file run_8.tsv (TSV, C-alpha atoms and all ligand atoms)
chain	number	residue	atom	x	y	z
L	13	MET	CA	119.74	123.44	102.48
L	14	VAL	CA	116.69	121.84	104.08
L	15	ASN	CA	113.20	122.68	102.89
L	16	TYR	CA	110.58	122.85	105.61
L	17	LYS	CA	108.11	120.91	103.46
L	18	ASP	CA	110.34	117.86	103.82
L	19	LEU	CA	110.00	118.19	107.60
L	20	GLY	CA	106.19	118.14	107.48
L	21	LEU	CA	105.94	121.81	108.45
L	22	VAL	CA	103.73	124.46	106.83
L	23	ASN	CA	104.17	128.18	106.21
L	24	THR	CA	101.66	130.75	107.48
L	25	ARG	CA	99.91	131.69	104.22
L	26	GLU	CA	96.93	129.34	104.36
L	27	MET	CA	96.71	129.45	108.18
L	28	PHE	CA	96.38	133.22	108.09
L	29	ALA	CA	93.92	133.35	105.20
L	30	LYS	CA	91.61	130.98	107.08
L	31	ALA	CA	92.05	132.83	110.36
L	32	VAL	CA	91.23	136.21	108.82
L	33	ASP	CA	88.11	134.75	107.17
L	34	GLY	CA	87.08	132.80	110.25
L	35	GLY	CA	87.58	135.60	112.80
L	36	TYR	CA	90.07	133.78	115.03
L	37	ALA	CA	93.83	133.97	115.65
L	38	ILE	CA	96.64	131.42	115.40
L	39	PRO	CA	98.63	130.91	118.61
L	40	ALA	CA	102.32	131.72	118.31
L	41	PHE	CA	104.03	130.12	121.30
L	42	ASN	CA	107.76	130.49	121.99
L	43	PHE	CA	109.74	127.44	122.99
L	44	ASN	CA	113.21	126.95	124.43
L	45	ASN	CA	113.10	123.43	125.82
L	46	MET	CA	111.53	120.00	125.46
L	47	GLU	CA	108.84	120.47	128.11
L	48	GLN	CA	107.48	123.63	126.49
L	49	LEU	CA	107.42	121.95	123.08
L	50	GLN	CA	105.71	118.81	124.44
L	51	ALA	CA	103.09	120.95	126.15
L	52	ILE	CA	102.41	123.04	123.04
L	53	ILE	CA	102.01	119.99	120.81
L	54	LYS	CA	99.84	118.13	123.32
L	55	ALA	CA	97.54	121.15	123.73
L	56	CYS	CA	97.29	121.67	119.96
L	57	ALA	CA	96.76	117.97	119.20
L	58	GLU	CA	94.00	117.76	121.82
L	59	THR	CA	92.26	120.86	120.48
L	60	LYS	CA	93.19	120.42	116.79
L	61	SER	CA	94.57	123.93	116.63
L	62	PRO	CA	97.07	125.11	114.03
L	63	VAL	CA	100.16	126.49	115.74
L	64	ILE	CA	103.24	128.60	115.18
L	65	LEU	CA	106.30	127.44	117.12
L	66	GLN	CA	108.50	130.46	117.67
L	67	VAL	CA	112.25	130.48	118.16
L	68	SER	CA	113.90	133.71	119.28
L	69	SER	CA	117.60	134.42	118.86
L	70	GLY	CA	117.84	133.96	122.62
L	71	ALA	CA	116.31	130.49	122.22
L	72	ARG	CA	118.80	129.67	119.44
L	73	LYS	CA	121.65	130.62	121.73
L	74	TYR	CA	120.18	128.72	124.67
L	75	ALA	CA	119.11	125.50	122.99
L	76	ASN	CA	121.11	125.38	119.72
L	77	GLN	CA	119.46	125.94	116.33
L	78	THR	CA	120.15	122.38	115.13
L	79	LEU	CA	118.48	120.82	118.15
L	80	LEU	CA	115.51	123.18	117.90
L	81	ARG	CA	114.97	122.31	114.25
L	82	TYR	CA	115.07	118.56	114.91
L	83	MET	CA	112.73	119.11	117.84
L	84	ALA	CA	110.25	120.83	115.51
L	85	GLU	CA	110.58	117.98	113.03
L	86	GLY	CA	109.99	115.54	115.88
L	87	ALA	CA	107.01	117.60	116.98
L	88	VAL	CA	105.21	116.80	113.72
L	89	GLU	CA	105.66	113.07	114.32
L	90	TYR	CA	104.72	113.41	118.00
L	91	ALA	CA	101.53	115.24	116.98
L	92	LYS	CA	100.60	112.34	114.69
L	93	GLU	CA	101.31	109.83	117.47
L	94	LEU	CA	98.88	111.80	119.62
L	95	GLY	CA	96.19	111.15	117.01
L	96	TRP	CA	96.33	114.51	115.19
L	97	GLU	CA	96.01	113.33	111.60
L	98	HIS	CA	96.95	116.52	109.76
L	99	PRO	CA	99.05	118.66	112.07
L	100	GLN	CA	99.52	122.24	110.90
L	101	ILE	CA	102.74	123.31	112.52
L	102	CYS	CA	104.82	126.28	111.44
L	103	LEU	CA	108.40	126.82	112.62
L	104	HIS	CA	109.02	130.55	112.86
L	105	LEU	CA	111.97	132.79	113.67
L	106	ASP	CA	110.84	135.39	116.21
L	107	HIS	CA	112.40	138.89	115.98
L	108	GLY	CA	115.10	138.15	113.42
L	109	ASP	CA	117.25	141.27	113.27
L	110	THR	CA	119.53	140.67	110.28
L	111	PHE	CA	119.22	139.33	106.73
L	112	GLU	CA	121.90	136.74	107.54
L	113	LEU	CA	119.96	135.32	110.51
L	114	CYS	CA	116.75	135.08	108.47
L	115	LYS	CA	118.60	133.43	105.57
L	116	SER	CA	120.19	130.93	107.92
L	117	CYS	CA	116.77	129.98	109.28
L	118	VAL	CA	115.25	129.68	105.78
L	119	ASP	CA	118.17	127.45	104.74
L	120	PHE	CA	117.76	125.40	107.89
L	121	GLY	CA	114.12	124.37	107.52
L	122	PHE	CA	112.13	127.20	109.11
L	123	SER	CA	108.81	127.76	107.32
L	124	SER	CA	108.40	131.39	108.36
L	125	VAL	CA	110.68	134.19	109.55
L	126	MET	CA	110.18	137.54	111.16
L	127	ILE	CA	112.47	140.38	110.16
L	128	ASP	CA	112.15	143.01	112.84
L	129	GLY	CA	113.33	146.29	111.39
L	130	SER	CA	111.03	148.28	113.66
L	131	SER	CA	113.89	150.12	115.34
L	132	LEU	CA	115.31	151.25	111.97
L	133	PRO	CA	114.34	154.38	110.05
L	134	TYR	CA	111.27	153.72	107.85
L	135	GLU	CA	113.08	153.38	104.50
L	136	GLU	CA	115.74	151.09	106.00
L	137	ASN	CA	113.03	148.89	107.53
L	138	ILE	CA	111.43	148.56	104.06
L	139	ALA	CA	114.74	147.83	102.35
L	140	LEU	CA	115.76	145.15	104.88
L	141	THR	CA	112.32	143.53	104.88
L	142	LYS	CA	112.24	143.49	101.06
L	143	ARG	CA	115.63	141.77	100.94
L	144	VAL	CA	114.45	139.05	103.33
L	145	VAL	CA	111.16	138.65	101.41
L	146	GLU	CA	112.97	138.25	98.09
L	147	TYR	CA	115.15	135.50	99.54
L	148	ALA	CA	112.49	133.70	101.60
L	149	HIS	CA	109.83	133.65	98.88
L	150	GLN	CA	112.10	131.65	96.59
L	151	PHE	CA	111.53	128.78	99.02
L	152	ASP	CA	107.90	129.60	99.81
L	153	VAL	CA	108.87	130.73	103.31
L	154	THR	CA	106.56	133.48	104.60
L	155	VAL	CA	107.82	136.71	106.16
L	156	GLU	CA	106.49	138.78	109.05
L	157	ALA	CA	107.62	142.39	109.34
L	158	GLU	CA	107.10	145.00	112.07
L	159	LEU	CA	106.09	148.62	111.86
L	160	GLY	CA	105.81	150.70	115.03
L	161	VAL	CA	107.75	150.13	118.23
L	162	LEU	CA	106.71	148.06	121.26
L	163	ALA	CA	108.01	149.17	124.64
L	164	GLY	CA	110.07	146.60	126.51
L	165	VAL	CA	112.66	144.02	125.58
L	166	GLU	CA	112.88	142.36	122.19
L	167	ASP	CA	115.97	140.23	122.64
L	168	ASP	CA	118.81	142.73	122.49
L	169	VAL	CA	116.60	145.62	121.44
L	170	VAL	CA	115.24	147.62	124.35
L	171	ALA	CA	112.75	150.42	123.79
L	172	GLU	CA	111.73	152.72	126.62
L	173	GLU	CA	108.66	154.07	124.88
L	174	SER	CA	106.20	152.49	122.49
L	175	HIS	CA	105.27	154.24	119.25
L	176	TYR	CA	101.99	153.15	117.77
L	177	THR	CA	102.02	152.04	114.16
L	178	LYS	CA	100.98	154.91	111.89
L	179	PRO	CA	98.00	153.72	109.81
L	180	GLU	CA	98.95	156.11	107.01
L	181	GLU	CA	102.18	154.15	106.47
L	182	VAL	CA	100.88	150.58	106.29
L	183	ILE	CA	99.81	150.41	102.61
L	184	ASP	CA	103.12	151.77	101.39
L	185	PHE	CA	105.08	149.54	103.79
L	186	ALA	CA	103.25	146.32	102.95
L	187	THR	CA	103.26	146.97	99.19
L	188	ARG	CA	106.90	147.98	98.89
L	189	SER	CA	108.33	145.42	101.30
L	190	GLY	CA	106.19	142.52	100.03
L	191	CYS	CA	105.79	141.12	103.56
L	192	ASP	CA	103.14	138.45	104.19
L	193	SER	CA	102.04	139.74	107.59
L	194	LEU	CA	102.60	142.83	109.68
L	195	ALA	CA	103.24	143.14	113.42
L	196	ILE	CA	101.83	146.39	114.73
L	197	SER	CA	102.11	148.41	117.90
L	198	ILE	CA	98.82	149.30	119.60
L	199	GLY	CA	99.84	149.23	123.26
L	200	THR	CA	101.07	145.69	123.91
L	201	SER	CA	104.65	145.10	125.04
L	202	HIS	CA	106.93	142.21	125.93
L	203	GLY	CA	107.44	140.62	129.33
L	204	ALA	CA	105.50	140.47	132.60
L	205	TYR	CA	105.55	144.23	133.31
L	206	LYS	CA	103.61	145.62	130.39
L	207	PHE	CA	102.53	148.81	132.07
L	208	LYS	CA	104.05	150.96	134.76
L	209	PRO	CA	101.80	151.26	137.83
L	210	GLU	CA	101.32	154.96	137.02
L	211	GLN	CA	99.80	154.01	133.63
L	212	CYS	CA	97.18	151.83	135.37
L	213	THR	CA	94.32	152.38	137.75
L	214	ARG	CA	93.86	150.22	140.87
L	215	ASP	CA	90.83	148.05	141.51
L	216	PRO	CA	89.61	149.45	144.86
L	217	GLN	CA	88.41	145.99	145.99
L	218	THR	CA	91.50	143.88	145.21
L	219	GLY	CA	94.19	146.55	145.01
L	220	LYS	CA	95.32	144.96	141.73
L	221	LEU	CA	96.46	147.04	138.76
L	222	VAL	CA	94.00	147.59	135.92
L	223	PRO	CA	95.84	148.36	132.66
L	224	PRO	CA	94.74	150.92	130.07
L	225	PRO	CA	92.94	149.55	126.97
L	226	LEU	CA	94.72	148.78	123.71
L	227	ALA	CA	94.42	151.30	120.86
L	228	PHE	CA	91.63	149.55	118.96
L	229	ASP	CA	91.02	152.74	116.98
L	230	VAL	CA	94.50	152.40	115.47
L	231	LEU	CA	93.85	148.71	114.70
L	232	GLU	CA	90.55	149.58	112.97
L	233	GLU	CA	92.23	152.22	110.83
L	234	ILE	CA	94.92	149.74	109.82
L	235	GLU	CA	92.26	147.15	108.92
L	236	LYS	CA	90.50	149.70	106.72
L	237	LYS	CA	93.73	150.50	104.89
L	238	LEU	CA	94.69	146.86	104.38
L	239	PRO	CA	91.48	144.82	104.26
L	240	GLY	CA	92.12	141.11	104.78
L	241	PHE	CA	95.86	141.58	105.38
L	242	PRO	CA	97.21	139.43	108.26
L	243	ILE	CA	98.04	141.52	111.32
L	244	VAL	CA	100.20	140.24	114.20
L	245	LEU	CA	100.16	141.17	117.89
L	246	HIS	CA	103.35	140.68	119.87
L	247	GLY	CA	103.53	141.05	123.63
L	248	SER	CA	100.15	139.44	124.20
L	249	SER	CA	100.59	137.59	127.47
L	250	SER	CA	97.91	138.23	130.06
L	251	VAL	CA	100.18	137.61	133.07
L	252	PRO	CA	97.60	135.48	134.94
L	253	GLN	CA	97.31	136.73	138.49
L	254	GLU	CA	97.04	133.20	139.89
L	255	TYR	CA	100.54	132.36	138.64
L	256	VAL	CA	101.96	135.64	139.92
L	257	ASP	CA	100.36	134.92	143.33
L	258	ILE	CA	101.75	131.36	143.47
L	259	ILE	CA	105.21	132.62	142.51
L	260	ASN	CA	105.10	135.41	145.09
L	261	SER	CA	103.82	133.17	147.87
L	262	HIS	CA	106.46	130.51	147.14
L	263	GLY	CA	109.61	132.58	147.45
L	264	GLY	CA	109.36	134.61	144.25
L	265	ASN	CA	109.22	138.35	143.80
L	266	LEU	CA	107.17	139.74	140.92
L	267	PRO	CA	105.67	142.93	142.29
L	268	ASP	CA	103.01	144.64	140.17
L	269	ALA	CA	103.35	142.30	137.19
L	270	VAL	CA	100.59	143.11	134.72
L	271	GLY	CA	99.54	141.91	131.26
L	272	ILE	CA	96.88	142.36	128.59
L	273	PRO	CA	93.38	141.46	129.81
L	274	GLU	CA	91.96	138.45	127.98
L	275	GLU	CA	88.77	140.23	126.86
L	276	GLN	CA	90.94	142.58	124.82
L	277	LEU	CA	92.79	139.72	123.17
L	278	ARG	CA	89.48	138.00	122.41
L	279	LYS	CA	88.32	141.16	120.67
L	280	ALA	CA	91.61	141.42	118.75
L	281	ALA	CA	91.43	137.75	117.66
L	282	LYS	CA	88.07	138.40	115.99
L	283	SER	CA	89.58	141.24	113.92
L	284	ALA	CA	92.35	141.26	111.29
L	285	VAL	CA	94.74	140.11	114.00
L	286	CYS	CA	95.47	136.52	113.02
L	287	LYS	CA	98.64	135.75	115.02
L	288	ILE	CA	98.94	136.35	118.75
L	289	ASN	CA	102.34	135.93	120.40
L	290	ILE	CA	102.53	134.43	123.87
L	291	ASP	CA	105.75	133.64	125.70
L	292	SER	CA	105.72	135.19	129.19
L	293	ASP	CA	102.55	133.36	130.31
L	294	SER	CA	104.22	130.03	129.63
L	295	ARG	CA	107.27	131.14	131.64
L	296	LEU	CA	105.00	132.13	134.52
L	297	ALA	CA	103.10	128.81	134.44
L	298	PHE	CA	106.38	126.88	134.41
L	299	THR	CA	107.91	128.93	137.22
L	300	ALA	CA	104.79	128.80	139.42
L	301	ALA	CA	104.62	124.99	139.15
L	302	VAL	CA	108.33	124.52	139.84
L	303	ARG	CA	108.34	126.90	142.83
L	304	LYS	CA	105.35	125.08	144.29
L	305	VAL	CA	107.13	121.70	144.18
L	306	PHE	CA	110.31	123.19	145.64
L	307	VAL	CA	108.41	124.62	148.61
L	308	GLU	CA	106.04	121.70	149.15
L	309	LYS	CA	108.60	118.92	148.59
L	310	PRO	CA	112.00	120.31	149.54
L	311	GLY	CA	113.53	116.82	149.37
L	312	GLU	CA	112.73	116.44	145.66
L	313	PHE	CA	115.70	116.54	143.30
L	314	ASP	CA	114.55	114.58	140.26
L	315	PRO	CA	113.93	117.21	137.52
L	316	ARG	CA	111.06	115.11	136.15
L	317	LYS	CA	109.23	115.67	139.43
L	318	TYR	CA	109.17	119.45	138.97
L	319	CYS	CA	109.41	119.81	135.17
L	320	GLY	CA	106.55	117.27	134.84
L	321	PRO	CA	104.05	119.38	136.85
L	322	ALA	CA	105.33	122.46	135.00
L	323	ARG	CA	104.59	120.76	131.70
L	324	ASP	CA	101.07	119.80	132.84
L	325	GLU	CA	100.41	123.40	133.88
L	326	MET	CA	101.57	124.68	130.49
L	327	VAL	CA	99.24	122.23	128.67
L	328	LYS	CA	96.36	123.71	130.70
L	329	LEU	CA	97.47	127.24	129.89
L	330	TYR	CA	97.88	126.62	126.13
L	331	LYS	CA	94.50	124.88	125.87
L	332	HIS	CA	92.88	127.76	127.70
L	333	LYS	CA	94.42	130.27	125.28
L	334	ILE	CA	93.38	128.25	122.23
L	335	ILE	CA	89.80	127.59	123.32
L	336	GLU	CA	88.89	130.59	125.45
L	337	VAL	CA	90.91	133.41	123.92
L	338	LEU	CA	92.04	132.80	120.33
L	339	GLY	CA	89.26	130.54	119.06
L	340	SER	CA	91.64	128.40	116.98
L	341	ASP	CA	90.38	125.04	118.28
L	342	GLY	CA	89.06	122.64	115.65
L	343	LYS	CA	90.62	124.64	112.81
L	344	ALA	CA	93.19	121.96	111.85
L	345	GLU	CA	91.41	118.59	111.94
L	401	LIG	O1	109.97	138.78	122.02
L	401	LIG	C1	110.43	138.25	123.02
L	401	LIG	C2	110.15	136.80	123.23
L	401	LIG	O2	109.39	136.63	124.39
L	401	LIG	C3	111.44	136.03	123.28
L	401	LIG	O3	112.12	136.28	124.46
L	401	LIG	O4	114.40	136.84	123.67
L	401	LIG	O5	113.98	136.10	126.02
L	401	LIG	O6	113.80	134.47	124.14
L	401	LIG	P1	113.69	135.91	124.58
L	402	LIG	P1	104.89	138.20	125.79
L	402	LIG	O1	106.12	138.62	126.51
L	402	LIG	O2	103.74	139.09	126.10
L	402	LIG	O3	104.55	136.77	126.02
L	402	LIG	O4	105.16	138.38	124.21
L	402	LIG	C1	105.88	137.41	123.49
L	402	LIG	C2	106.24	137.85	122.12
L	402	LIG	O5	105.75	138.83	121.59
L	402	LIG	C3	107.23	137.05	121.40
L	402	LIG	O6	107.61	137.63	120.20
L	403	ZN	ZN	107.65	139.75	120.16
call {"tool": "encode", "arguments": {"input": "run_8.tsv", "output": "structure tokens"}}
result
Amino acid sequence: MVNYKDLGLVNTREMFAKAVDGGYAIPAFNFNNMEQLQAIIKACAETKSPVILQVSSGARKYANQTLLRYMAEGAVEYAKELGWEHPQICLHLDHGDTFELCKSCVDFGFSSVMIDGSSLPYEENIALTKRVVEYAHQFDVTVEAELGVLAGVEDDVVAEESHYTKPEEVIDFATRSGCDSLAISIGTSHGAYKFKPEQCTRDPQTGKLVPPPLAFDVLEEIEKKLPGFPIVLHGSSSVPQEYVDIINSHGGNLPDAVGIPEEQLRKAAKSAVCKINIDSDSRLAFTAAVRKVFVEKPGEFDPRKYCGPARDEMVKLYKHKIIEVLGSDGKAE
């Protein structure tokens, strides 16, 4: 049993309380490899932003849970080396789907876990979440739950249609499950194809897809029911067109990729939404930079020569999100 406090990590309780009061959101960035982690920590150290490092079950399979945990521990020291005196770094399980997986992460030094029972019937979601909360809270590990279904891929769970969170259920769900934060569905979804072209309009000038707005009315109703309660938005990548264009003009093929416009995320960050999940944008930044090197320097075969530029691009992306979208800069001096 390892307690996250011994690793220099923090849970989400204080982060979220400050974010709700301050009208900003904490970035939750997924990582699977060293370059992504280095880029996240560098961006957060340079902007003094609290951060949630997210590990999905896919990441655990890819990179090994032990390595990921030591990487997070190393990240705290790396942050200090970069001159960030009091790093606020949370290590979080993204989309945990069983009690056993959540328990294993709690026992292994994670400071926060998500139990995603959103595909279960309502009462089963409550019962599973409550079981995880009862275990995690013994060690002061915070728990995120999900109510409502996002369209798209959540690890092994694929949903064709999204179902918005029902505001009339949130008080009962939060009270009975005891969760510390709640992920809701208001129109975001995972991946780089968040909307089908037929759900969008086309900008007549550029021909690019313009997605429909998020359901802010549902968010407002949820806020009224649970004032001050931390709300989480998954599937919040914006799918920057410049990365999609670089990928497509350097041998890639991402037709009609579309994300959530940044103005909408800015608006969400000022509300009860205090955690915004971003994974796909980092993948796009990485891929665009690597493809560019491969096309421009076909003789290059040293991974540092293409993973290095990819890392630099991700630092730029993360800093942009922190400063221009979430407003979390300067909140962890
Ligand atoms: O929720 C999905 C996250 O982007 C994680 O994706 O399951 O491919 O690691 P992954
Ligand atoms: P994106 O695919 O929009 O980056 O969402 C990531 C996410 O929600 C991770 O849980
Ligand atoms: Zn997610």
call {"tool": "atom_distance", "arguments": {"input": "run_8.tsv", "atom1": "CA of Ser189 in chain L", "atom2": "CA of Leu19 in chain L"}}
result
28.0 Å
call {"tool": "residues_around", "arguments": {"input": "run_8.tsv", "residues": "range 222-232 of chain L", "least_positions_apart": "6", "cutoff": "8 Å", "atoms": "all atoms listed in the file", "output": "PyMOL selection string"}}
result
chain L and resi 176-179+198-200+207+211-215+270-273+276
call {"tool": "write_last_selection", "arguments": {"input": "run_8.tsv", "atoms": "C-alpha atoms", "output": "mmCIF file, keeping the file's coordinate frame"}}
result
data_model
loop_
_atom_site.group_PDB
_atom_site.id
_atom_site.type_symbol
_atom_site.label_atom_id
_atom_site.label_comp_id
_atom_site.auth_asym_id
_atom_site.auth_seq_id
_atom_site.Cartn_x
_atom_site.Cartn_y
_atom_site.Cartn_z
ATOM 1 C CA TYR L 176 101.990 153.150 117.770
ATOM 2 C CA THR L 177 102.020 152.040 114.160
ATOM 3 C CA LYS L 178 100.980 154.910 111.890
ATOM 4 C CA PRO L 179 98.000 153.720 109.810
ATOM 5 C CA ILE L 198 98.820 149.300 119.600
ATOM 6 C CA GLY L 199 99.840 149.230 123.260
ATOM 7 C CA THR L 200 101.070 145.690 123.910
ATOM 8 C CA PHE L 207 102.530 148.810 132.070
ATOM 9 C CA GLN L 211 99.800 154.010 133.630
ATOM 10 C CA CYS L 212 97.180 151.830 135.370
ATOM 11 C CA THR L 213 94.320 152.380 137.750
ATOM 12 C CA ARG L 214 93.860 150.220 140.870
ATOM 13 C CA ASP L 215 90.830 148.050 141.510
ATOM 14 C CA VAL L 270 100.590 143.110 134.720
ATOM 15 C CA GLY L 271 99.540 141.910 131.260
ATOM 16 C CA ILE L 272 96.880 142.360 128.590
ATOM 17 C CA PRO L 273 93.380 141.460 129.810
ATOM 18 C CA GLN L 276 90.940 142.580 124.820
#
call {"tool": "residues_near_ligand", "arguments": {"input": "run_8.tsv", "ligand": "ligand LIG 402 (chain L)", "cutoff": "9 Å", "atoms": "only C-alpha atoms and all ligand atoms", "output": "PyMOL selection string"}}
result
chain L and resi 40-42+66-68+106-107+164-166+200-206+245-251+271-272+288-295
call {"tool": "atom_distance", "arguments": {"input": "run_8.tsv", "atom1": "CA of Arg278 in chain L", "atom2": "CA of Ser340 in chain L"}}
result
11.2 Å
call {"tool": "closest_residue", "arguments": {"input": "run_8.tsv", "among": "L:Gly129, L:Gly86, L:Gly70, L:Gly190", "to": "ligand LIG 401 (chain L)", "atoms": "only C-alpha atoms and all ligand atoms"}}
result
L:Gly70
call {"tool": "residues_around", "arguments": {"input": "run_8.tsv", "residues": "Cys114 in chain L", "least_positions_apart": "3", "cutoff": "12 Å", "atoms": "all atoms listed in the file", "output": "PyMOL selection string"}}
result
chain L and resi 67-69+104-111+117-128+140-141+143-149+153-157
call {"tool": "axis_aligned_box", "arguments": {"input": "run_8.tsv", "around": "range 55-67 of chain L", "padding_each_side": "3 Å", "output": "lines of an AutoDock Vina configuration file"}}
result
center_x = 102.3
center_y = 124.1
center_z = 118.9
size_x = 26.0
size_y = 18.7
size_z = 15.7
call {"tool": "closest_residue", "arguments": {"input": "run_8.tsv", "among": "L:Leu132, L:Val337, L:Val307, L:Ile259", "to": "Glu275 in chain L", "atoms": "only C-alpha atoms"}}
result
L:Val337
call {"tool": "residues_around", "arguments": {"input": "run_8.tsv", "residues": "range 313-318 of chain L", "least_positions_apart": "3", "cutoff": "10 Å", "atoms": "all atoms listed in the file", "output": "PyMOL selection string"}}
result
chain L and resi 47+298-299+301-306+309-310+321-323
call {"tool": "residues_around", "arguments": {"input": "run_8.tsv", "residues": "Gln100 in chain L", "least_positions_apart": "2", "cutoff": "7 Å", "atoms": "all atoms listed in the file", "output": "JSON, numbers by chain"}}
result
{"L": [21, 22, 62, 63, 98, 102, 344]}
call {"tool": "closest_residue", "arguments": {"input": "run_8.tsv", "among": "L:Leu79, L:Met27, L:Gln48, L:Glu274", "to": "Lys328 in chain L", "atoms": "all atoms listed in the file"}}
result
L:Gln48
